[in-house]
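**Q** Dropping the structure in here first, questions after.
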Amino acid sequence: MIDKIAQIKDEALQSIAAATDENSLNEARVAVMGKKGTVTLLGTIMKDVPSSEKAAIGQLLNATRSAVQNALDEKQIALQSQADLAALAGIDPTLPPRALATGGLHPLTLLRERAVGILRRMGFSLAEGPEIEDEFHCFDALNTPSDHPARNPKDTFYFDSGKLLRTHTSSVQVRTMEKQMPPLRIIAPGTAYRRDEIDSTHLSAFHQLEGLYVDKDVSLPDLKGTLEMFLRELFGAQTAVRFRPHFFPFTEPSFEIDVLLEIKGQAPRWIEVAGCGMVDPAVFEAVCQSRGDRFFDSSRVTGFAFGMGLERLAMIQWGIRDIRLLIENDIRFLKQFA
Ligand code: PHE
């Protein structure tokens, strides 16, 4: 009996050792451990074993089964790694890999995301409007008379239809007030277009971030505090910011905001980053007319608005001396922000 078990075990181990690939290993597995496999069938001899030997034979059978199972498992692993090595034949896995060119976000995108993040934490939510605008939303509703220079085709891109590429994101102020009820606090990042001569601080397509806050009793200190806090949050607590009285048709009073641009090796210079002011009652009146109700009547609400140039903010953030670097897509420049 013991000899028979030893013989079947030897044969089983031999057939496993002889397997050369997964198929032949499977055949061997079925032949020894399958339902009618030689090792499986050994179990049936137990009934003929005298009871005095049952324990010893039983143990031997168990040891045989696990030895055969181990041999199967080991062979499986060995065959698998053989197949893996064959797949790698001719390839040197010790060569250093080729560096992957990873992309990065454009500095303007980085800047916009940070700016939007700060303003959202201050309670502003996002709004948007079309880049192809009509004169009502871009000019008339913003109290801009038809002889204003910004409406001149020399300064603005007009389509034959009379529509135009928006010259500022302020049109989103009007569109938002037409749709929403006060109080409202929105920001609108987007592209604006002007027929400007391109130089180190001007582009003809650029990016703005508009903001509008309308509620009861919004005041000039609210405007100043909000924008100073925003700029210091963006550029650091030491940032020098100045408000210069200015004129915009849609705000009264109006200001331009400058931030001190400091670049190593250059004299510090003030650079204009934003326009702002208290919403002119004429704008609220145009909105009331367009809505056909009085929710934005200037006896009920006041508000402030601002529009910032994102390119200018990026120039200050990173000390970029020429705005054109932002559109040339020179990889040596962009790489510095990745
Ligand atoms: N629209 C102005 C510009 O493009 C900026 C501005 C926005 C000024 C809102 C006042 C209020 O220069």
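In the structure tokens, each chain is lettered A, B, ... as it comes, each chain's residues begin at 1, and ligands are numbered from 1 in order of appearance.
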Would you please extract all alpha helix (DSSP H) residues from stretch 56-247 of chain A, as assigned by DSSP on the backbone, and give them as a PyMOL selection string?
**A** chain A and resi 56-87+107-121+135-138+171-179+220-235
**Q** So which residues are near ligand 1, meaning at most 7 Å away with only C-alpha atoms and all ligand atoms counted, given back as a VMD selection string?
**A** chain A and resid 167 to 170 210 to 211 248 250 to 251 254 274 to 277 305 to 308
**Q** Under the rule that only C-alpha atoms are counted, which of A:Ile45, A:Leu227, A:Ser51, A:Leu72 is the nearest residue to A:Ala18?
**A**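 Of A:Ile45, A:Leu227, A:Ser51, A:Leu72, the one nearest A:Ala18 is A:Leu72, counting only C-alpha atoms.
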**Q** Using only C-alpha atoms, tabulate the residues of stretch 226-276 of chain A lying at most 12 Å from any atom of stretch 122-132 of chain A, each with its closest atom pair and that distance in Å to one decimal, by chain and increasing residue number, as CSV.
**A**
```
residue,atom,partner,partner_atom,distance
A:Thr226,CA,A:Met122,CA,8.3
A:Leu227,CA,A:Met122,CA,10.6
A:Met229,CA,A:Met122,CA,9.7
A:Phe230,CA,A:Met122,CA,8.7
A:Glu233,CA,A:Met122,CA,11.1
```
**Q** I need the residue nearest A:Phe337 from this list: A:Ala17, A:Leu108, A:Ala56, A:Ala89. Use only C-alpha atoms for the distance.
**A**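 Once distances to A:Phe337 are computed over only C-alpha atoms, the minimum belongs to A:Leu108.
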